[in-house]
Each structure stands twice: as C-alpha cells, then as structure tokens.
Amino acid sequence: MHFVERERDMMAIGGGLPADAEQELDVMVIGLAVMDAAWQLEVRAEVIERVLAALAVACGLEKPAPAWWVNFRVIDEGSRGSSGGVLSVLPLLERGVFTEERVKAVRAALGV
C-alpha cells in the first residue's frame, strides 16, 4: 500500500476542489499494488471492501467515508524488483503460504 498526502487544493472530486467544498470532505486515495496471481473480479472486490472497512475501523468510523478510494493494480509477473533482484510470486507457492486450492488458482492464472 502506498499513502501520499495531498493538499486539499491539489485534487479534484467531481470537477471541484475539496478546498472549495461547502462541507469538509475526508478524502483518501489508496494505491494497492499486488503481484500477479489469481485476482478474479470478486477477489479484487473483496480485497477493496476489506481495506476500506479496516480503514474505517482504524479511523474510529462506522463505515468508510464516501470520498475514500482504493485503486487495485496488478503488477505483471517479473515486473517488480527489490534488493537487486526481480520478485516473483512463484517461490511462495512452494512455501506453504497459500492453500493448495489457491496454489492451483495462481498456477492456472499465470499459466505455470
């Protein structure tokens, strides 16, 4: 997850600046980047809903604010690097991180 704080006059919602809104808006955009795997639409939706719900709890709110967004982005296999190398989800499949069902789904999605 990546959090970036912006001034209220540096973003727009529905064509207007939050700084100019009659009531103060609680604005948050969360960029969620995941490694390529089996991310069907229903799985993506569940992840987004859980992130928003967890943020609401962390902020002491009953539900997420209407001006909170989560952008879900999948990074293609072999397109992410760290510590001088390329990261892959494939080694995790053999380490017991995922259930056998999830391992099969990821292998099928990646064609391996």
# chains A, B, ... in the order shown; residues from 1 in each chain; ligands from 1
call {"tool": "select_by_dssp", "arguments": {"residues": "chain A", "states": "strand (DSSP E or B)", "output": "mmCIF file with C-alpha atoms, in the first residue's frame"}}
result
data_model
loop_
_atom_site.group_PDB
_atom_site.id
_atom_site.type_symbol
_atom_site.label_atom_id
_atom_site.label_comp_id
_atom_site.auth_asym_id
_atom_site.auth_seq_id
_atom_site.Cartn_x
_atom_site.Cartn_y
_atom_site.Cartn_z
ATOM 1 C CA HIS A 2 1.171 3.484 -0.759
ATOM 2 C CA ILE A 13 -13.661 15.465 -6.968
ATOM 3 C CA GLY A 16 -14.399 20.688 -7.948
ATOM 4 C CA MET A 28 -8.261 9.427 0.780
ATOM 5 C CA VAL A 29 -6.898 7.532 -2.232
ATOM 6 C CA ILE A 30 -5.132 4.253 -1.526
ATOM 7 C CA GLY A 31 -2.950 2.691 -4.206
ATOM 8 C CA LEU A 32 -2.873 -1.066 -3.686
ATOM 9 C CA ALA A 33 -0.329 -2.856 -5.895
ATOM 10 C CA VAL A 34 -0.214 -6.650 -5.856
ATOM 11 C CA MET A 35 1.947 -9.220 -7.576
ATOM 12 C CA TRP A 68 -12.211 7.286 0.029
ATOM 13 C CA TRP A 69 -10.991 5.323 -2.999
ATOM 14 C CA VAL A 70 -8.895 2.195 -3.386
ATOM 15 C CA ASN A 71 -7.135 1.641 -6.707
ATOM 16 C CA PHE A 72 -6.279 -2.041 -7.166
ATOM 17 C CA ARG A 73 -3.388 -2.620 -9.567
ATOM 18 C CA VAL A 74 -1.821 -5.922 -10.598
ATOM 19 C CA ILE A 75 1.891 -5.912 -11.398
ATOM 20 C CA GLY A 81 12.080 -5.751 -8.192
ATOM 21 C CA SER A 82 13.670 -5.256 -4.809
ATOM 22 C CA GLY A 85 16.578 -8.698 -7.987
ATOM 23 C CA VAL A 86 13.250 -9.464 -9.594
#
call {"tool": "residues_around", "arguments": {"residues": "range 45-52 of chain A", "least_positions_apart": "2", "cutoff": "8 Å", "atoms": "only C-alpha atoms", "output": "PyMOL selection string"}}
result
chain A and resi 41-43+54-56+64+68+70+72
call {"tool": "select_by_dssp", "arguments": {"residues": "range 2-99 of chain A", "states": "alpha helix (DSSP H)", "output": "PyMOL selection string"}}
result
chain A and resi 41-58
call {"tool": "write_last_selection", "arguments": {"atoms": "C-alpha atoms", "output": "compact mmCIF listing (two decimals), in the first residue's frame"}}
result
# COMPACT_ATOMS: atom_id res chain seq x y z
CA LEU A 41 -13.02 -9.58 -10.03
CA GLU A 42 -14.80 -10.98 -6.97
CA VAL A 43 -11.45 -11.41 -5.17
CA ARG A 44 -10.45 -7.83 -6.06
CA ALA A 45 -13.80 -6.55 -4.81
CA GLU A 46 -13.38 -8.42 -1.52
CA VAL A 47 -9.87 -7.02 -1.01
CA ILE A 48 -11.04 -3.46 -1.73
CA GLU A 49 -14.02 -3.80 0.62
CA ARG A 50 -11.84 -5.24 3.40
CA VAL A 51 -9.25 -2.44 3.02
CA LEU A 52 -11.96 0.22 3.24
CA ALA A 53 -13.60 -1.49 6.23
CA ALA A 54 -10.25 -1.81 8.05
CA LEU A 55 -9.50 1.87 7.43
CA ALA A 56 -12.90 2.84 8.83
CA VAL A 57 -12.22 0.80 11.98
CA ALA A 58 -8.72 2.29 12.29
call {"tool": "closest_residue", "arguments": {"among": "A:Val97, A:Arg102, A:Glu5, A:Val112", "to": "Trp39 in chain A", "atoms": "only C-alpha atoms"}}
result
A:Arg102
call {"tool": "atom_distance", "arguments": {"atom1": "CA of Gly14 in chain A", "atom2": "CA of Ala67 in chain A"}}
result
10.5 Å
